Structures are given as structure tokens and as C-alpha cells.
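K.L.:
Before I ask anything, let me first share the structure, which is written out below as C-alpha cells.
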Amino acid sequence: MARVLIIMSGVPGSGKSYCAKEIIPVVIRNNTIIKNNECAYYSYVSRDSIRFSLLDEEDSYFAKENEVYKEFIKSIIYPVAYYDEGEDLYVVADATHINKYSRKKLYDNVKDWFDSYVVVNVETPLEVCLERNAEREDRFKVPEHTIRKMYKDYSPAEYDKELFEIDKILCYNGVTKEMKEVDRNE
């Protein structure tokens with residue numbers, strides 16, 4: 001059966017985590033867009049959850065970034081090593097992945113473990129991202145200038161195809177909560 005990595009891509013506050021935790025499992029269960037199979041195992045891996053589990057109270061956000069990334073990769077690969085071969089496996093990698101280089105870095109670290117790759121571009125207006133971020137508590141709040149820069153630097157996955165094989169690209173609207181497949185022939 002298939003081993004599918006779903007790579008979330010979007011700026012902080014866009015709705016990546018909501019989509020990854022609430023929308024993607026429904027899409028898998030309803031056999032829409034991603035795969036036509038009734039049995040599936042789903043694993044959610046959040047880079048931020050790993051980060052905050054490793055940081056000490058006095059640490060800055062990126063203080064242990066190398067350790068965070070290594071643990072992120074291990075947590076993505078772990079379910080593959082132990083899943084039932086009779087079921088499809090979907091692992092969701094929840095992190096910003098705002099450009100093709102960050103998505104390619106992830107791919108290079110896990111390519112021997114997965115058969116298929118889906119990228120979900122989470123597209124949300126900048127002002128909505130900033131409003132959502134402002135509602136976050138202390139440590140979870142991303143500096144506004146960082147979100148603005150990431151928003152400016154964001155490139156959707158349609159530009160990744162020369163770097164690695166993507167089987168499907170989905171676009172999730174972080175405001176309307178609608179998901180659609182991206183036609184890569186446009």
C-alpha cells in the first residue's frame with residue numbers, strides 16, 4: 001500500500017495546523033482528492049510542537065533549531081517503520097515550508113521512506129494571518145515583521161516540480177476552508 005507524505009506549506013497564522021488536524025483527516029476518510037482507499041493510517045507531526053517540547057523557558061524560538069529539525073525528520077519517518085503494510089499511511093508534516101528549498105530539504109531527508117508526495121498550499125490574506133497571530137499566547141506568537149517577510153517570500157509548490165516529484169498539489173483557502181486540487185497544466 002501507499003506511504004504518502006503530506007507537506008503543509010504556508011505562513012504562520014494561515015491555517016496550516018487547522019487544515020492538517022481537521023481537514024486532511026476528513027479528506028482521507030471521505031476518499032476525496034488524495035486516495036481512493038477505505039483503510040488508512042494518519043500521523044500528524046508538528047514542528048512547533050517538537051520545538052516547544054525541546055526549548056527551555058529562557059530559550060529563543062530558534063535556539064535549538066538543528067535539534068528540532070532532526071527530531072521533526074525522525075518523527076515523520078517513525079510511523080513508516082511501524083505501519084501495517086496492508087493499509088495506506090498518510091503522514092502530515094506541519095511546518096511553514098514557504099519555499100521550494102525548504103520543501104526540497106524535507107524531501108531529501110525522507111525520500112527513501114515515502115512513495116508519494118502531496119503538498120498543501122495554505123493561502124490566506126496577510127491581514128488575516130496577522131490577526132490570527134495576534135490572538136496567540138506569548139511564546140506562540142510570531143513577530144509581525146517575520147510573518148510579513150515570510151508572506152513576501154512565500155512561493156507555492158507549483159514551482160517545485162523541477163526539484164522533486166510531487167504527485168499532487170492541493171490548495172486550501174484559510175478563510176473559506178475550501179480545498180481543491182491545483183491543475184498543474186494551467
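Starting from 1 in every chain, residues are counted up; chains themselves are A, B, ... following the order of the C-alpha cells, and ligands are numbered from 1 as listed.
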Write out as a PyMOL selection string the residues lying within 7 Å of A:Tyr42, counting only C-alpha atoms and excluding same-chain residues fewer than 4 positions away.

P.N.:
chain A and resi 89-91

K.L.:
Can you pull out every residue from chain A that DSSP, working from the backbone, puts in strand (DSSP E), and format the result as a PyMOL selection string?

P.N.:
chain A and resi 3-9+40-46+88-94+116-123+168-173+179-181

K.L.:
Which residues are close to A:Val122, i.e. within 8 Å by only C-alpha atoms, leaving aside same-chain residues fewer than 3 positions away? Reply as a compact mmCIF listing (two decimals) with N, CA, C and O atoms, in the first residue's frame.

P.N.:
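Saved result, part.txt, follows:
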```
# COMPACT_ATOMS: atom_id res chain seq x y z
N MET A 8 2.64 20.40 4.48
CA MET A 8 1.90 21.64 4.63
C MET A 8 2.82 22.81 4.27
O MET A 8 4.00 22.79 4.59
N SER A 9 2.26 23.83 3.61
CA SER A 9 3.07 24.97 3.18
C SER A 9 2.27 26.25 3.33
O SER A 9 1.21 26.40 2.71
N GLY A 10 2.77 27.17 4.16
CA GLY A 10 2.09 28.44 4.35
C GLY A 10 2.71 29.22 5.50
O GLY A 10 3.44 28.66 6.31
N VAL A 11 2.40 30.48 5.56
CA VAL A 11 2.99 31.34 6.59
C VAL A 11 2.28 31.12 7.94
O VAL A 11 1.18 30.58 7.98
N SER A 14 -1.78 31.17 8.82
CA SER A 14 -2.55 30.93 7.59
C SER A 14 -3.62 29.86 7.77
O SER A 14 -4.59 29.82 7.01
N GLY A 15 -3.45 28.98 8.75
CA GLY A 15 -4.40 27.90 8.97
C GLY A 15 -3.84 26.53 8.66
O GLY A 15 -4.58 25.56 8.50
N LYS A 16 -2.52 26.41 8.58
CA LYS A 16 -1.87 25.12 8.28
C LYS A 16 -2.23 24.05 9.29
O LYS A 16 -2.63 22.95 8.92
N CYS A 171 -4.73 23.10 -2.84
CA CYS A 171 -4.77 24.47 -2.35
C CYS A 171 -5.90 24.58 -1.34
O CYS A 171 -7.05 24.25 -1.64
N TYR A 172 -5.55 25.02 -0.14
CA TYR A 172 -6.53 25.19 0.93
C TYR A 172 -6.67 26.68 1.20
O TYR A 172 -5.68 27.37 1.43
N ASN A 173 -7.89 27.16 1.14
CA ASN A 173 -8.16 28.57 1.43
C ASN A 173 -8.38 28.69 2.93
O ASN A 173 -9.33 28.14 3.48
N GLY A 174 -7.46 29.42 3.59
CA GLY A 174 -7.50 29.54 5.04
C GLY A 174 -8.65 30.37 5.58
O GLY A 174 -8.88 30.40 6.78
```

K.L.:
List the neighbours of A:Leu170 out to 8 Å using only C-alpha atoms; skip same-chain residues closer than 2 positions along the sequence, and give me the result as a PDB file with N, CA, C and O atoms, in the first residue's frame.

P.N.:
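Here's the written file part-v3.pdb:
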```pdb
ATOM      1  N   VAL A 118       2.379  14.831  -1.480  1.00  0.00           N
ATOM      2  CA  VAL A 118       1.301  15.791  -1.702  1.00  0.00           C
ATOM      3  C   VAL A 118       1.705  17.070  -0.972  1.00  0.00           C
ATOM      4  O   VAL A 118       2.122  17.016   0.179  1.00  0.00           O
ATOM      5  N   VAL A 119       1.597  18.201  -1.644  1.00  0.00           N
ATOM      6  CA  VAL A 119       1.854  19.484  -0.990  1.00  0.00           C
ATOM      7  C   VAL A 119       0.523  20.221  -0.879  1.00  0.00           C
ATOM      8  O   VAL A 119      -0.240  20.284  -1.845  1.00  0.00           O
ATOM      9  N   VAL A 120       0.263  20.749   0.304  1.00  0.00           N
ATOM     10  CA  VAL A 120      -0.938  21.557   0.516  1.00  0.00           C
ATOM     11  C   VAL A 120      -0.495  23.004   0.704  1.00  0.00           C
ATOM     12  O   VAL A 120       0.128  23.346   1.707  1.00  0.00           O
ATOM     13  N   ASN A 121      -0.778  23.832  -0.304  1.00  0.00           N
ATOM     14  CA  ASN A 121      -0.532  25.271  -0.204  1.00  0.00           C
ATOM     15  C   ASN A 121      -1.682  25.874   0.594  1.00  0.00           C
ATOM     16  O   ASN A 121      -2.835  25.759   0.189  1.00  0.00           O
ATOM     17  N   LYS A 168       0.759  15.335  -6.162  1.00  0.00           N
ATOM     18  CA  LYS A 168      -0.466  16.127  -6.139  1.00  0.00           C
ATOM     19  C   LYS A 168      -0.213  17.420  -5.383  1.00  0.00           C
ATOM     20  O   LYS A 168       0.546  17.441  -4.417  1.00  0.00           O
ATOM     21  N   TYR A 172      -5.546  25.018  -0.137  1.00  0.00           N
ATOM     22  CA  TYR A 172      -6.526  25.187   0.935  1.00  0.00           C
ATOM     23  C   TYR A 172      -6.667  26.676   1.204  1.00  0.00           C
ATOM     24  O   TYR A 172      -5.676  27.365   1.432  1.00  0.00           O
ATOM     25  N   MET A 179     -10.952  23.313  -0.091  1.00  0.00           N
ATOM     26  CA  MET A 179      -9.755  22.683  -0.640  1.00  0.00           C
ATOM     27  C   MET A 179     -10.051  22.256  -2.065  1.00  0.00           C
ATOM     28  O   MET A 179     -11.128  21.768  -2.372  1.00  0.00           O
ATOM     29  N   LYS A 180      -9.045  22.432  -2.927  1.00  0.00           N
ATOM     30  CA  LYS A 180      -9.184  21.989  -4.312  1.00  0.00           C
ATOM     31  C   LYS A 180      -7.828  21.509  -4.804  1.00  0.00           C
ATOM     32  O   LYS A 180      -6.789  21.885  -4.263  1.00  0.00           O
ATOM     33  N   GLU A 181      -7.866  20.681  -5.824  1.00  0.00           N
ATOM     34  CA  GLU A 181      -6.628  20.235  -6.430  1.00  0.00           C
ATOM     35  C   GLU A 181      -6.155  21.298  -7.411  1.00  0.00           C
ATOM     36  O   GLU A 181      -6.956  21.892  -8.138  1.00  0.00           O
ATOM     37  N   VAL A 182      -4.856  21.533  -7.436  1.00  0.00           N
ATOM     38  CA  VAL A 182      -4.275  22.504  -8.360  1.00  0.00           C
ATOM     39  C   VAL A 182      -4.030  21.818  -9.683  1.00  0.00           C
ATOM     40  O   VAL A 182      -3.423  20.758  -9.749  1.00  0.00           O
TER      41      VAL A 182
END
```

K.L.:
What are the DSSP helix (DSSP H, G or I) residues of stretch 41-70 of chain A, as an NGL selection string?

P.N.:
:A and (47-54 or 65-70)

K.L.:
Using only C-alpha atoms, which protein or nucleic acid residues come within 12 Å of stretch 127-140 of chain A? Drop anything in the same chain fewer than 3 positions from it, and give the result as a short mmCIF file (atom, residue, chain, number, x, y, z; two decimals) with N, CA, C and O atoms, in the first residue's frame.

P.N.:
```
data_model
loop_
_atom_site.label_atom_id
_atom_site.label_comp_id
_atom_site.auth_asym_id
_atom_site.auth_seq_id
_atom_site.Cartn_x
_atom_site.Cartn_y
_atom_site.Cartn_z
N GLY A 10 2.77 27.17 4.16
CA GLY A 10 2.09 28.44 4.35
C GLY A 10 2.71 29.22 5.50
O GLY A 10 3.44 28.66 6.31
N VAL A 11 2.40 30.48 5.56
CA VAL A 11 2.99 31.34 6.59
C VAL A 11 2.28 31.12 7.94
O VAL A 11 1.18 30.58 7.98
N PRO A 12 2.91 31.54 9.04
CA PRO A 12 2.25 31.44 10.34
C PRO A 12 0.91 32.18 10.34
O PRO A 12 0.78 33.26 9.78
N GLY A 13 -0.08 31.56 10.93
CA GLY A 13 -1.41 32.16 11.02
C GLY A 13 -2.29 31.90 9.81
O GLY A 13 -3.44 32.34 9.76
N SER A 14 -1.78 31.17 8.82
CA SER A 14 -2.55 30.93 7.59
C SER A 14 -3.62 29.86 7.77
O SER A 14 -4.59 29.82 7.01
N GLY A 15 -3.45 28.98 8.75
CA GLY A 15 -4.40 27.90 8.97
C GLY A 15 -3.84 26.53 8.66
O GLY A 15 -4.58 25.56 8.50
N LYS A 16 -2.52 26.41 8.58
CA LYS A 16 -1.87 25.12 8.28
C LYS A 16 -2.23 24.05 9.29
O LYS A 16 -2.63 22.95 8.92
N TYR A 18 -4.66 23.94 11.52
CA TYR A 18 -6.10 23.63 11.49
C TYR A 18 -6.39 22.69 10.32
O TYR A 18 -7.06 21.66 10.48
N ASP A 48 6.37 22.82 15.34
CA ASP A 48 6.23 23.70 16.50
C ASP A 48 6.06 22.91 17.79
O ASP A 48 6.62 23.28 18.83
N SER A 49 5.28 21.85 17.77
CA SER A 49 5.11 21.03 18.98
C SER A 49 6.45 20.44 19.42
O SER A 49 6.77 20.43 20.62
N ARG A 51 9.40 21.73 18.68
CA ARG A 51 10.20 22.88 19.12
C ARG A 51 9.91 23.22 20.58
O ARG A 51 10.81 23.34 21.40
N PHE A 52 8.63 23.39 20.92
CA PHE A 52 8.28 23.82 22.27
C PHE A 52 8.51 22.73 23.31
O PHE A 52 8.67 23.03 24.49
N LEU A 55 12.52 23.35 23.83
CA LEU A 55 13.03 24.64 24.30
C LEU A 55 12.85 24.80 25.81
O LEU A 55 11.83 24.41 26.38
N ASP A 56 13.84 25.41 26.42
CA ASP A 56 13.72 25.82 27.81
C ASP A 56 13.02 27.18 27.84
O ASP A 56 12.98 27.89 26.83
N GLU A 57 12.50 27.54 28.98
CA GLU A 57 11.74 28.79 29.11
C GLU A 57 12.50 30.02 28.63
O GLU A 57 11.94 30.92 28.01
N GLU A 58 13.80 30.06 28.88
CA GLU A 58 14.60 31.24 28.52
C GLU A 58 15.13 31.19 27.08
O GLU A 58 15.69 32.18 26.59
N ASP A 59 14.93 30.09 26.37
CA ASP A 59 15.44 29.95 25.00
C ASP A 59 14.66 30.81 24.02
O ASP A 59 13.45 30.99 24.14
N SER A 60 15.38 31.29 23.01
CA SER A 60 14.71 31.98 21.90
C SER A 60 14.08 30.93 20.99
O SER A 60 14.42 29.74 21.06
N TYR A 61 13.19 31.37 20.12
CA TYR A 61 12.42 30.48 19.25
C TYR A 61 13.31 29.53 18.45
O TYR A 61 13.01 28.35 18.29
N PHE A 62 14.43 30.01 17.92
CA PHE A 62 15.30 29.19 17.07
C PHE A 62 16.53 28.66 17.80
O PHE A 62 17.47 28.19 17.17
N VAL A 122 -1.37 26.51 1.71
CA VAL A 122 -2.41 27.15 2.51
C VAL A 122 -2.33 28.64 2.22
O VAL A 122 -1.35 29.30 2.55
N GLU A 123 -3.35 29.14 1.55
CA GLU A 123 -3.35 30.52 1.08
C GLU A 123 -4.37 31.33 1.86
O GLU A 123 -5.57 31.03 1.85
N THR A 124 -3.86 32.35 2.52
CA THR A 124 -4.66 33.21 3.40
C THR A 124 -4.13 34.62 3.27
O THR A 124 -2.92 34.82 3.24
N PRO A 143 6.82 37.14 15.55
CA PRO A 143 6.94 38.59 15.33
C PRO A 143 6.30 39.01 13.99
O PRO A 143 6.45 38.31 12.98
N GLU A 144 5.58 40.12 14.02
CA GLU A 144 4.87 40.58 12.82
C GLU A 144 5.80 40.76 11.64
O GLU A 144 5.46 40.38 10.51
N HIS A 145 6.99 41.31 11.87
CA HIS A 145 7.92 41.52 10.75
C HIS A 145 8.34 40.19 10.12
O HIS A 145 8.59 40.11 8.91
N THR A 146 8.40 39.13 10.92
CA THR A 146 8.75 37.80 10.41
C THR A 146 7.64 37.27 9.51
O THR A 146 7.91 36.73 8.43
N ILE A 147 6.39 37.43 9.93
CA ILE A 147 5.26 36.98 9.11
C ILE A 147 5.22 37.76 7.80
O ILE A 147 5.03 37.19 6.73
N ARG A 148 5.42 39.08 7.88
CA ARG A 148 5.41 39.89 6.66
C ARG A 148 6.50 39.44 5.68
O ARG A 148 6.26 39.33 4.48
N LYS A 149 7.69 39.16 6.20
CA LYS A 149 8.79 38.71 5.34
C LYS A 149 8.48 37.34 4.74
O LYS A 149 8.68 37.10 3.55
N MET A 150 7.98 36.43 5.57
CA MET A 150 7.64 35.09 5.08
C MET A 150 6.55 35.16 4.01
O MET A 150 6.60 34.44 3.02
N TYR A 151 5.58 36.03 4.23
CA TYR A 151 4.48 36.19 3.27
C TYR A 151 5.03 36.67 1.92
O TYR A 151 4.66 36.18 0.86
N ASN A 173 -7.89 27.16 1.14
CA ASN A 173 -8.16 28.57 1.43
C ASN A 173 -8.38 28.69 2.93
O ASN A 173 -9.33 28.14 3.48
N GLY A 174 -7.46 29.42 3.59
CA GLY A 174 -7.50 29.54 5.04
C GLY A 174 -8.65 30.37 5.58
O GLY A 174 -8.88 30.40 6.78
N VAL A 175 -9.41 31.03 4.70
CA VAL A 175 -10.56 31.81 5.13
C VAL A 175 -11.86 31.03 4.88
O VAL A 175 -12.66 30.83 5.78
N THR A 176 -12.05 30.57 3.65
CA THR A 176 -13.29 29.85 3.31
C THR A 176 -13.24 28.38 3.72
O THR A 176 -14.27 27.72 3.74
#
```

K.L.:
Nearest to A:Asp88 among A:Tyr154, A:Phe164, A:Phe114, A:Tyr101, with distances taken over only C-alpha atoms: which residue is it?

P.N.:
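Using only C-alpha atoms, the shortest distance to A:Asp88 belongs to A:Phe114.
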
K.L.:
Please compute the atom CA of A:Trp113-atom CA of A:Ala81 distance, one decimal, in Å.

P.N.:
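Atom-to-atom, atom CA of A:Trp113 to atom CA of A:Ala81, that is 8.3 Å.
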
K.L.:
Nearest to A:Ile76: which of A:Lys141, A:Ile7, A:His97, A:Ala20 is it, counting only C-alpha atoms?

P.N.:
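So, comparing all the options, the nearest one is A:Ile7.
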